[in-house]
Every structure is written in C-alpha cells, then in structure tokens.
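Structure data (mmCIF, C-alpha atoms and all ligand atoms; chains and numbers go by the auth columns) from work.cif:
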data_start
#
loop_
_atom_site.group_PDB
_atom_site.id
_atom_site.type_symbol
_atom_site.label_atom_id
_atom_site.label_comp_id
_atom_site.label_asym_id
_atom_site.label_seq_id
_atom_site.Cartn_x
_atom_site.Cartn_y
_atom_site.Cartn_z
_atom_site.B_iso_or_equiv
_atom_site.auth_seq_id
_atom_site.auth_asym_id
ATOM 1 C CA MET A 1 90.756 123.178 108.447 0.00 774 A
ATOM 2 C CA THR A 2 91.523 125.990 106.044 0.00 775 A
ATOM 3 C CA SER A 3 93.890 125.674 103.134 0.00 776 A
ATOM 4 C CA LEU A 4 96.150 128.566 102.365 0.00 777 A
ATOM 5 C CA SER A 5 98.286 129.634 99.530 0.00 778 A
ATOM 6 C CA PRO A 6 101.863 130.114 100.731 0.00 779 A
ATOM 7 C CA LEU A 7 101.664 133.386 98.855 0.00 780 A
ATOM 8 C CA THR A 8 98.889 134.684 101.103 0.00 781 A
ATOM 9 C CA PRO A 9 100.643 137.679 102.674 0.00 782 A
ATOM 10 C CA HIS A 10 99.517 137.317 106.281 0.00 783 A
ATOM 11 C CA PRO A 11 102.057 135.208 108.114 0.00 784 A
ATOM 12 C CA SER A 12 101.805 135.611 111.855 0.00 785 A
ATOM 13 C CA PRO A 13 105.067 134.910 113.691 0.00 786 A
ATOM 14 C CA SER A 14 103.224 134.551 116.986 0.00 787 A
ATOM 15 C CA ALA A 15 100.616 132.007 115.832 0.00 788 A
ATOM 16 C CA PRO A 16 101.008 128.678 117.669 0.00 789 A
ATOM 17 C CA VAL A 17 102.669 125.824 115.784 0.00 790 A
ATOM 18 C CA ILE A 18 102.446 122.076 116.321 0.00 791 A
ATOM 19 C CA ALA A 19 105.372 120.432 114.512 0.00 792 A
ATOM 20 C CA ILE A 20 105.073 116.728 113.737 0.00 793 A
ATOM 21 C CA ASP A 21 108.222 115.134 112.316 0.00 794 A
ATOM 22 C CA GLY A 22 108.986 111.540 111.537 0.00 795 A
ATOM 23 C CA PRO A 23 109.990 108.976 108.934 0.00 796 A
ATOM 24 C CA SER A 24 108.195 108.015 105.723 0.00 797 A
ATOM 25 C CA ALA A 25 104.792 106.359 105.966 0.00 798 A
ATOM 26 C CA SER A 26 104.562 106.780 109.725 0.00 799 A
ATOM 27 C CA GLY A 27 101.094 108.283 109.306 0.00 800 A
ATOM 28 C CA LYS A 28 102.207 111.743 110.390 0.00 801 A
ATOM 29 C CA GLY A 29 100.432 113.465 107.495 0.00 802 A
ATOM 30 C CA THR A 30 97.091 111.870 108.309 0.00 803 A
ATOM 31 C CA VAL A 31 97.491 112.576 112.018 0.00 804 A
ATOM 32 C CA ALA A 32 98.638 116.165 111.424 0.00 805 A
ATOM 33 C CA ALA A 33 95.685 116.936 109.121 0.00 806 A
ATOM 34 C CA LEU A 34 93.209 115.529 111.655 0.00 807 A
ATOM 35 C CA VAL A 35 94.801 117.415 114.549 0.00 808 A
ATOM 36 C CA ALA A 36 94.526 120.609 112.469 0.00 809 A
ATOM 37 C CA GLU A 37 90.866 119.855 111.842 0.00 810 A
ATOM 38 C CA ALA A 38 90.192 119.141 115.533 0.00 811 A
ATOM 39 C CA LEU A 39 91.779 122.435 116.589 0.00 812 A
ATOM 40 C CA GLY A 40 90.562 124.547 113.649 0.00 813 A
ATOM 41 C CA PHE A 41 94.204 125.237 112.673 0.00 814 A
ATOM 42 C CA HIS A 42 95.788 125.476 109.230 0.00 815 A
ATOM 43 C CA TYR A 43 97.723 122.496 107.927 0.00 816 A
ATOM 44 C CA LEU A 44 100.992 122.356 105.982 0.00 817 A
ATOM 45 C CA ASP A 45 102.215 119.133 104.383 0.00 818 A
ATOM 46 C CA SER A 46 105.847 120.162 103.865 0.00 819 A
ATOM 47 C CA GLY A 47 106.637 116.908 102.033 0.00 820 A
ATOM 48 C CA ALA A 48 104.217 117.995 99.294 0.00 821 A
ATOM 49 C CA ILE A 49 106.415 121.054 98.685 0.00 822 A
ATOM 50 C CA TYR A 50 109.455 118.813 98.128 0.00 823 A
ATOM 51 C CA ARG A 51 107.416 116.405 96.024 0.00 824 A
ATOM 52 C CA ALA A 52 105.939 119.195 93.878 0.00 825 A
ATOM 53 C CA THR A 53 109.371 120.779 93.399 0.00 826 A
ATOM 54 C CA ALA A 54 110.783 117.418 92.298 0.00 827 A
ATOM 55 C CA TYR A 55 107.863 116.910 89.945 0.00 828 A
ATOM 56 C CA ALA A 56 108.224 120.382 88.445 0.00 829 A
ATOM 57 C CA ALA A 57 111.969 119.808 87.980 0.00 830 A
ATOM 58 C CA GLU A 58 111.423 116.550 86.127 0.00 831 A
ATOM 59 C CA ARG A 59 108.734 118.152 84.006 0.00 832 A
ATOM 60 C CA ALA A 60 111.077 121.021 83.112 0.00 833 A
ATOM 61 C CA GLY A 61 113.857 118.572 82.263 0.00 834 A
ATOM 62 C CA ILE A 62 116.152 119.932 84.987 0.00 835 A
ATOM 63 C CA ASP A 63 119.064 117.717 85.977 0.00 836 A
ATOM 64 C CA LEU A 64 118.349 116.696 89.596 0.00 837 A
ATOM 65 C CA ALA A 65 121.993 117.249 90.492 0.00 838 A
ATOM 66 C CA ASP A 66 121.937 120.849 89.211 0.00 839 A
ATOM 67 C CA GLU A 67 121.292 122.609 92.503 0.00 840 A
ATOM 68 C CA ALA A 68 121.459 126.147 91.104 0.00 841 A
ATOM 69 C CA ALA A 69 118.759 125.343 88.526 0.00 842 A
ATOM 70 C CA LEU A 70 116.615 123.718 91.243 0.00 843 A
ATOM 71 C CA VAL A 71 116.991 126.770 93.491 0.00 844 A
ATOM 72 C CA ALA A 72 115.927 129.054 90.633 0.00 845 A
ATOM 73 C CA LEU A 73 112.946 126.777 89.961 0.00 846 A
ATOM 74 C CA ALA A 74 111.958 126.804 93.663 0.00 847 A
ATOM 75 C CA GLY A 75 111.943 130.609 93.602 0.00 848 A
ATOM 76 C CA ARG A 76 109.450 130.813 90.751 0.00 849 A
ATOM 77 C CA LEU A 77 107.274 127.806 91.603 0.00 850 A
ATOM 78 C CA ASP A 78 103.566 128.636 91.437 0.00 851 A
ATOM 79 C CA LEU A 79 102.396 126.251 94.158 0.00 852 A
ATOM 80 C CA ARG A 80 99.030 126.424 95.896 0.00 853 A
ATOM 81 C CA PHE A 81 97.223 124.193 98.386 0.00 854 A
ATOM 82 C CA ASP A 82 93.466 124.144 98.455 0.00 855 A
ATOM 83 C CA ALA A 83 91.068 121.749 100.188 0.00 856 A
ATOM 84 C CA GLY A 84 93.608 118.916 100.328 0.00 857 A
ATOM 85 C CA GLU A 85 94.664 119.327 96.672 0.00 858 A
ATOM 86 C CA VAL A 86 98.029 120.602 95.440 0.00 859 A
ATOM 87 C CA TYR A 87 98.134 122.917 92.411 0.00 860 A
ATOM 88 C CA LEU A 88 101.226 123.510 90.319 0.00 861 A
ATOM 89 C CA ASP A 89 100.825 126.305 87.761 0.00 862 A
ATOM 90 C CA GLY A 90 97.090 126.043 88.386 0.00 863 A
ATOM 91 C CA GLN A 91 97.032 122.313 87.594 0.00 864 A
ATOM 92 C CA ALA A 92 96.003 119.701 90.198 0.00 865 A
ATOM 93 C CA VAL A 93 99.035 117.440 90.755 0.00 866 A
ATOM 94 C CA GLY A 94 98.056 115.690 94.013 0.00 867 A
ATOM 95 C CA ASP A 95 97.859 112.216 92.496 0.00 868 A
ATOM 96 C CA ALA A 96 100.953 112.652 90.341 0.00 869 A
ATOM 97 C CA ILE A 97 103.179 113.612 93.274 0.00 870 A
ATOM 98 C CA ARG A 98 101.897 111.001 95.750 0.00 871 A
ATOM 99 C CA GLY A 99 103.459 107.904 94.160 0.00 872 A
ATOM 100 C CA GLU A 100 106.600 106.203 95.436 0.00 873 A
ATOM 101 C CA ALA A 101 108.693 107.347 92.464 0.00 874 A
ATOM 102 C CA ALA A 102 107.877 111.012 93.195 0.00 875 A
ATOM 103 C CA GLY A 103 108.731 110.412 96.866 0.00 876 A
ATOM 104 C CA SER A 104 112.133 109.003 96.001 0.00 877 A
ATOM 105 C CA VAL A 105 112.980 111.930 93.723 0.00 878 A
ATOM 106 C CA ALA A 106 111.773 114.326 96.440 0.00 879 A
ATOM 107 C CA SER A 107 114.059 112.663 98.958 0.00 880 A
ATOM 108 C CA ARG A 108 117.032 113.066 96.586 0.00 881 A
ATOM 109 C CA ILE A 109 116.564 116.783 96.009 0.00 882 A
ATOM 110 C CA ALA A 110 115.698 117.288 99.702 0.00 883 A
ATOM 111 C CA ALA A 111 119.324 116.504 100.527 0.00 884 A
ATOM 112 C CA LEU A 112 120.476 119.708 98.750 0.00 885 A
ATOM 113 C CA PRO A 113 121.183 122.467 101.328 0.00 886 A
ATOM 114 C CA ASP A 114 120.601 125.492 99.072 0.00 887 A
ATOM 115 C CA LEU A 115 117.321 124.088 97.839 0.00 888 A
ATOM 116 C CA ARG A 116 116.127 123.547 101.417 0.00 889 A
ATOM 117 C CA GLN A 117 117.091 127.134 102.182 0.00 890 A
ATOM 118 C CA ALA A 118 115.158 128.360 99.125 0.00 891 A
ATOM 119 C CA LEU A 119 112.008 126.613 100.381 0.00 892 A
ATOM 120 C CA LEU A 120 112.167 127.961 103.953 0.00 893 A
ATOM 121 C CA ALA A 121 110.241 131.234 103.554 0.00 894 A
ATOM 122 C CA ARG A 122 107.554 129.466 101.563 0.00 895 A
ATOM 123 C CA GLN A 123 106.977 127.080 104.462 0.00 896 A
ATOM 124 C CA ARG A 124 107.096 129.769 107.164 0.00 897 A
ATOM 125 C CA ALA A 125 104.427 131.768 105.319 0.00 898 A
ATOM 126 C CA PHE A 126 101.918 129.120 106.375 0.00 899 A
ATOM 127 C CA ARG A 127 102.186 130.221 109.992 0.00 900 A
ATOM 128 C CA GLN A 128 98.934 132.105 110.299 0.00 901 A
ATOM 129 C CA ALA A 129 96.286 132.672 112.967 0.00 902 A
ATOM 130 C CA PRO A 130 94.706 130.838 114.670 0.00 903 A
ATOM 131 C CA GLY A 131 97.567 128.316 114.382 0.00 904 A
ATOM 132 C CA LEU A 132 99.367 125.788 112.238 0.00 905 A
ATOM 133 C CA VAL A 133 99.874 122.037 112.344 0.00 906 A
ATOM 134 C CA THR A 134 102.656 120.914 110.061 0.00 907 A
ATOM 135 C CA ASP A 135 104.409 117.644 109.287 0.00 908 A
ATOM 136 C CA GLY A 136 107.756 116.767 107.758 0.00 909 A
ATOM 137 C CA ARG A 137 111.318 115.969 108.745 0.00 910 A
ATOM 138 C CA ASP A 138 112.631 119.261 110.108 0.00 911 A
ATOM 139 C CA MET A 139 109.526 121.209 111.137 0.00 912 A
ATOM 140 C CA GLY A 140 110.496 121.311 114.820 0.00 913 A
ATOM 141 C CA THR A 141 114.247 121.561 114.276 0.00 914 A
ATOM 142 C CA VAL A 142 114.741 124.034 111.393 0.00 915 A
ATOM 143 C CA VAL A 143 111.559 125.536 109.975 0.00 916 A
ATOM 144 C CA PHE A 144 109.680 126.261 113.223 0.00 917 A
ATOM 145 C CA PRO A 145 112.268 125.816 116.006 0.00 918 A
ATOM 146 C CA ASP A 146 110.030 127.782 118.390 0.00 919 A
ATOM 147 C CA ALA A 147 106.990 125.513 117.849 0.00 920 A
ATOM 148 C CA GLY A 148 104.987 125.193 121.072 0.00 921 A
ATOM 149 C CA LEU A 149 104.596 121.442 120.660 0.00 922 A
ATOM 150 C CA LYS A 150 107.019 119.144 118.853 0.00 923 A
ATOM 151 C CA VAL A 151 106.147 115.518 118.202 0.00 924 A
ATOM 152 C CA PHE A 152 108.332 112.806 116.699 0.00 925 A
ATOM 153 C CA LEU A 153 105.829 110.368 115.218 0.00 926 A
ATOM 154 C CA THR A 154 107.083 106.985 114.148 0.00 927 A
ATOM 155 C CA ALA A 155 106.271 103.269 113.831 0.00 928 A
ATOM 156 C CA SER A 156 108.310 100.166 113.047 0.00 929 A
ATOM 157 C CA VAL A 157 109.549 99.979 109.449 0.00 930 A
ATOM 158 C CA GLU A 158 107.512 96.789 108.858 0.00 931 A
ATOM 159 C CA GLU A 159 104.307 98.460 110.069 0.00 932 A
ATOM 160 C CA ARG A 160 105.036 101.531 107.943 0.00 933 A
ATOM 161 C CA ALA A 161 105.584 99.349 104.870 0.00 934 A
ATOM 162 C CA GLN A 162 102.205 97.664 105.470 0.00 935 A
ATOM 163 C CA ARG A 163 100.471 101.034 105.820 0.00 936 A
ATOM 164 C CA ARG A 164 102.087 102.452 102.689 0.00 937 A
ATOM 165 C CA TYR A 165 101.228 99.277 100.740 0.00 938 A
ATOM 166 C CA LYS A 166 97.581 99.471 101.786 0.00 939 A
ATOM 167 C CA GLN A 167 97.421 103.189 100.962 0.00 940 A
ATOM 168 C CA LEU A 168 98.876 102.686 97.460 0.00 941 A
ATOM 169 C CA ILE A 169 96.623 99.726 96.644 0.00 942 A
ATOM 170 C CA GLU A 170 93.559 101.673 97.805 0.00 943 A
ATOM 171 C CA LYS A 171 94.548 104.523 95.482 0.00 944 A
ATOM 172 C CA GLY A 172 94.846 102.105 92.574 0.00 945 A
ATOM 173 C CA PHE A 173 98.665 102.240 92.324 0.00 946 A
ATOM 174 C CA ASP A 174 100.729 99.143 91.574 0.00 947 A
ATOM 175 C CA ALA A 175 102.618 98.133 94.716 0.00 948 A
ATOM 176 C CA SER A 176 105.001 95.456 95.951 0.00 949 A
ATOM 177 C CA LEU A 177 105.432 95.035 99.708 0.00 950 A
ATOM 178 C CA PRO A 178 109.099 93.874 99.628 0.00 951 A
ATOM 179 C CA ARG A 179 109.981 96.771 97.325 0.00 952 A
ATOM 180 C CA ILE A 180 108.213 99.276 99.589 0.00 953 A
ATOM 181 C CA LEU A 181 110.041 97.894 102.626 0.00 954 A
ATOM 182 C CA GLN A 182 113.388 98.281 100.863 0.00 955 A
ATOM 183 C CA ASP A 183 112.506 101.768 99.621 0.00 956 A
ATOM 184 C CA LEU A 184 111.501 102.873 103.142 0.00 957 A
ATOM 185 C CA ARG A 185 114.786 101.558 104.559 0.00 958 A
ATOM 186 C CA ASP A 186 116.733 103.422 101.846 0.00 959 A
ATOM 187 C CA ARG A 187 114.713 106.607 102.357 0.00 960 A
ATOM 188 C CA ASP A 188 115.105 106.456 106.175 0.00 961 A
ATOM 189 C CA ALA A 189 118.842 106.059 105.752 0.00 962 A
ATOM 190 C CA ARG A 190 119.072 108.953 103.269 0.00 963 A
ATOM 191 C CA ASP A 191 116.868 111.282 105.340 0.00 964 A
ATOM 192 C CA ALA A 192 118.820 110.514 108.539 0.00 965 A
ATOM 193 C CA ALA A 193 122.304 110.642 107.015 0.00 966 A
ATOM 194 C CA ARG A 194 122.112 113.881 105.037 0.00 967 A
ATOM 195 C CA SER A 195 124.214 116.714 106.365 0.00 968 A
ATOM 196 C CA VAL A 196 121.481 119.345 106.331 0.00 969 A
ATOM 197 C CA ALA A 197 118.302 119.028 108.416 0.00 970 A
ATOM 198 C CA PRO A 198 118.673 115.280 108.985 0.00 971 A
ATOM 199 C CA LEU A 199 115.684 113.378 110.322 0.00 972 A
ATOM 200 C CA ARG A 200 116.206 112.895 114.048 0.00 973 A
ATOM 201 C CA LYS A 201 114.283 113.116 117.258 0.00 974 A
ATOM 202 C CA THR A 202 115.483 115.943 119.470 0.00 975 A
ATOM 203 C CA ASP A 203 115.132 116.094 123.256 0.00 976 A
ATOM 204 C CA GLN A 204 112.372 118.695 122.885 0.00 977 A
ATOM 205 C CA ALA A 205 110.152 116.423 120.798 0.00 978 A
ATOM 206 C CA LEU A 206 107.688 114.042 122.429 0.00 979 A
ATOM 207 C CA LEU A 207 107.934 110.509 121.025 0.00 980 A
ATOM 208 C CA LEU A 208 104.752 109.020 119.616 0.00 981 A
ATOM 209 C CA ASP A 209 105.285 105.406 118.510 0.00 982 A
ATOM 210 C CA THR A 210 102.113 104.480 116.627 0.00 983 A
ATOM 211 C CA THR A 211 103.078 100.885 115.755 0.00 984 A
ATOM 212 C CA ARG A 212 100.161 99.576 117.821 0.00 985 A
ATOM 213 C CA MET A 213 97.965 102.673 117.799 0.00 986 A
ATOM 214 C CA THR A 214 94.961 103.627 115.696 0.00 987 A
ATOM 215 C CA ILE A 215 94.911 106.983 113.915 0.00 988 A
ATOM 216 C CA GLU A 216 92.222 108.195 116.335 0.00 989 A
ATOM 217 C CA GLU A 217 94.392 107.305 119.347 0.00 990 A
ATOM 218 C CA ALA A 218 97.368 109.115 117.851 0.00 991 A
ATOM 219 C CA VAL A 219 95.287 112.230 117.090 0.00 992 A
ATOM 220 C CA ARG A 220 93.843 112.235 120.617 0.00 993 A
ATOM 221 C CA GLN A 221 97.333 111.974 122.119 0.00 994 A
ATOM 222 C CA VAL A 222 98.621 114.991 120.165 0.00 995 A
ATOM 223 C CA VAL A 223 95.522 117.069 120.981 0.00 996 A
ATOM 224 C CA ASP A 224 95.862 116.115 124.679 0.00 997 A
ATOM 225 C CA TRP A 225 99.532 117.057 124.705 0.00 998 A
ATOM 226 C CA TYR A 226 98.681 120.398 123.103 0.00 999 A
ATOM 227 C CA ALA A 227 95.862 121.054 125.584 0.00 1000 A
ATOM 228 C CA GLY A 228 98.237 120.204 128.429 0.00 1001 A
ATOM 229 C CA ARG A 229 100.736 122.762 127.140 0.00 1002 A
ATOM 230 C CA VAL A 230 98.374 125.671 126.572 0.00 1003 A
ATOM 231 C CA VAL A 231 96.262 125.485 129.762 0.00 1004 A
HETATM 232 O O1 LIG B . 104.955 110.463 102.743 0.00 1101 A
HETATM 233 P P1 LIG B . 106.411 110.401 102.999 0.00 1101 A
HETATM 234 O O2 LIG B . 106.733 110.600 104.450 0.00 1101 A
HETATM 235 O O3 LIG B . 107.106 109.245 102.387 0.00 1101 A
HETATM 236 O O4 LIG B . 107.038 111.578 102.223 0.00 1101 A
HETATM 237 P P2 LIG B . 106.806 113.122 102.364 0.00 1101 A
HETATM 238 O O5 LIG B . 106.611 113.544 103.781 0.00 1101 A
HETATM 239 O O6 LIG B . 105.793 113.540 101.371 0.00 1101 A
HETATM 240 O O7 LIG B . 108.257 113.655 101.904 0.00 1101 A
HETATM 241 C C1 LIG B . 108.878 113.231 100.716 0.00 1101 A
HETATM 242 C C2 LIG B . 110.385 113.421 100.865 0.00 1101 A
HETATM 243 O O8 LIG B . 110.657 114.828 101.028 0.00 1101 A
HETATM 244 C C3 LIG B . 110.982 112.753 102.108 0.00 1101 A
HETATM 245 O O9 LIG B . 111.523 111.476 101.837 0.00 1101 A
HETATM 246 C C4 LIG B . 112.067 113.699 102.551 0.00 1101 A
HETATM 247 O O10 LIG B . 113.306 113.350 101.992 0.00 1101 A
HETATM 248 C C5 LIG B . 111.673 115.029 102.001 0.00 1101 A
HETATM 249 N N1 LIG B . 111.217 115.960 103.029 0.00 1101 A
HETATM 250 C C6 LIG B . 112.163 116.695 103.697 0.00 1101 A
HETATM 251 O O11 LIG B . 113.353 116.519 103.476 0.00 1101 A
HETATM 252 N N2 LIG B . 111.781 117.625 104.626 0.00 1101 A
HETATM 253 C C7 LIG B . 110.501 117.812 104.902 0.00 1101 A
HETATM 254 N N3 LIG B . 110.161 118.729 105.803 0.00 1101 A
HETATM 255 C C8 LIG B . 109.503 117.057 104.257 0.00 1101 A
HETATM 256 C C9 LIG B . 109.893 116.121 103.321 0.00 1101 A
#

What would the structure in this file look like if it were written as structure tokens?
Ligand code: CDP
Amino acid sequence: MTSLSPLTPHPSPSAPVIAIDGPSASGKGTVAALVAEALGFHYLDSGAIYRATAYAAERAGIDLADEAALVALAGRLDLRFDAGEVYLDGQAVGDAIRGEAAGSVASRIAALPDLRQALLARQRAFRQAPGLVTDGRDMGTVVFPDAGLKVFLTASVEERAQRRYKQLIEKGFDASLPRILQDLRDRDARDAARSVAPLRKTDQALLLDTTRMTIEEAVRQVVDWYAGRVV
C-alpha cells in the first residue's frame, strides 16, 4: 500500500476504484486498508479528511456553524497522508482525530453541503494508478460514482459498539460502552438523515454484513468480488 498526498498532481480518472461505504465502526476502514494492501492499490480514508477538517476548525476557533469559514479553511488545509499517519500543517494528528469527540464534530460539519463540495476534488485526487480502495459514506454514490466495485459494509449496531469500545480501550482512550452505543445510534441517524450525500445502500452496492465475520473473511470477500468483476 502506498500513501499519497492529495496534492500529488497525478490523478488518473481511469484507475480502478473499490468504494466501501457504511456506518460508523463497521470495520470498513480496516477492511479497506487490507484490501488495498492485498491488491497493491492506494488507500483513502475519507473520514480522516472530515475529522482533520473538524480538528483544524476547532483549533482555529472557527464556529462549526459558519459554513463559509469552514469552506475557506477546507480550501487551504495542508493535509497529507503518509504510511497510515495523517499530517496537518506538517504535524502528526492521527491520534488526536481518532477519538469519539473528533468523530462527532466531523459528523456535524459533514452535514454541510458546501463543505462537502469543497472537499470533493481533494478526495478525487487520490484516484491514481494502479488503483484506489476508499472508504466512507458516499464514496460509491457521490465521490466515485463510476467505481468498478461498490460495497456497503455494515454490522449490527451492538456489534459495532463492541468493536469501537475494544478499539478505544486498546488505544488507551477512556470509553463507556452504553455511551458508545448511544453515540453510534445518533451518528447513524445524522449520517442517514442529512440532505446531502446521506448514508444509504444503493442497488449497485453489494451488501457485506460482517456481524458474524472476521476481518480476514471480509477482506477475502471483497477481493473475491473484485476478482470476479475484472476477469
Ligand atoms: O470511524 P467512523 O466510521 O466513526 O468515522 P469516519 O469514517 O472517520 O467518519 C467520521 C464522520 O465523517 C462520519 O460520522 C461522517 O459523518 C463523516 N463522513 C462523511 O460524511 N463522508 C465520508 N465520506 C466520510 C466520513
């Protein structure tokens, strides 16, 4: 897997794309990164762009309801991905943006249509040879509507809460399972109800319910689907 700066000026509109969308804590990021590794493709975690934008906005003291200021910020954001780390103005912010609080703020600003529009080109610039695996909410519907393979990856909300809890504890964050469950329900509702790029499975996307699947099984399924489509 190679990490790219979205500013690298070699986007390739014909490079194949695997778009993996789904709700919070479904494991889509882990699966997408491993699929990218298996295929030797690039990987884009689009949620990290929303999280980093939210983080930068808070740091700059921007009112999260001030869409024009957020759009201007998005346009000048110095954001780089390298070897699994996220750099904002040259500073590693991976840990700072991964927490639940950062996720909630990201989900709030992600409901703003002009901000989503401002982040489109930045995401599309990741489409580079030999191919891209990307995960988010609207990768297959808005950002890469011509993706060769679209997957809607999900799991029950209880299973997702357990996974997120385990992940946070392992990273040394404070976590409460009931609070995570409530936050996931709120976030699902907000992501699905927003007017622009709502989270939803389209007819084109293949459903992958990972409630009773291991990560390896999920990765194998996506790679098999992709192989079935390209041969
Ligand atoms: O890890 P988790 O799925 O909770 O979050 P994430 O994928 O890092 O995304 C954080 C928030 O950004 C989500 O709750 C979405 O509201 C938003 N997002 C979005 O609107 N569109 C995307 N393509 C990716 C994330």

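Distance annotation: of A:Phe917, A:Val995, A:Leu979, A:Arg881, the residue with the minimal separation from A:Ala894 is A:Phe917; atom set is all atoms listed in the file.
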
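Interatomic distance, atom CA of A:Val924 to atom CA of A:Ser785: 21.5 Å.
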
Inset, instruction - Identify which of the residues A:Val808, A:Ala798, A:Ala966, A:Ile942 lies closest to A:Glu989, counting all atoms listed in the file when measuring atom-to-atom distances. - result: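 Smallest distance to A:Glu989 is found for A:Val808.
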
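Taking all atoms listed in the file, the non-local environment of stretch 861-873 of chain A within 9 Å (same-chain residues fewer than 6 positions away omitted) comprises Ala821, Arg824, Ala825, Ala827, Tyr828, Ala829, Leu850, Asp851, Leu852, Arg853, Leu941, Lys944, Phe946, Ile953 and Asp956 of chain A.
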
Inset, instruction - Find the residues around A:Gly820 up to 12 Å (all atoms listed in the file counted), leave out those fewer than 2 positions away in its own chain, and share them as a count of residues only. - result: 37

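For the pair atom N2 of ligand LIG 1101 (chain A) and atom CA of A:Ala891, the interatomic distance is 12.5 Å.
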
Inset, instruction - Quick one: pull the distance between atom CA of A:Leu980 and atom CA of A:Phe925, Å, one decimal. - result: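 We find that atom CA of A:Leu980 and atom CA of A:Phe925 lie 4.9 Å from each other.
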
Inset, instruction - Tell me which protein, DNA and RNA residues are within 12 Å of A:Asp997, counting only C-alpha atoms, leaving out same-chain ones fewer than 6 positions away, and put them as a ChimeraX atom specification. - result: /A:808,811-812,922,990-991,1003-1004

Axis-aligned box for all listed atoms of ligand LIG 1101 (chain A), 5 Å per side, centre and edges in Å to one decimal, as JSON:
{"center_x": 109.2, "center_y": 114.0, "center_z": 103.3, "size_x": 18.4, "size_y": 19.5, "size_z": 15.1}

Inset, instruction - Measuring atom to atom with all atoms listed in the file, identify which of A:Arg933, A:Arg985, A:Lys974, A:Arg895 is nearest to A:Leu957. - result: A:Arg933

Legend entry - Given only C-alpha atoms and all ligand atoms as the counted atoms, nearest of A:Arg1002, A:Arg963, A:Lys923, A:Arg993 to ligand LIG 1101 (chain A):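 Checking each of A:Arg1002, A:Arg963, A:Lys923, A:Arg993 against ligand LIG 1101 (chain A), counting only C-alpha atoms and all ligand atoms, the winner is A:Arg963.
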
Legend entry - Minimum-distance residue to ligand LIG 1101 (chain A), chosen among A:Val844, A:Ala830, A:Leu950, A:Ala792 (using only C-alpha atoms and all ligand atoms):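 Nearest to ligand LIG 1101 (chain A): A:Ala792.
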
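In this comparison, which uses only C-alpha atoms, the residue of A:Pro886, A:Gly1001, A:Pro951, A:Gly834 approaching A:Tyr938 most closely is A:Pro951.
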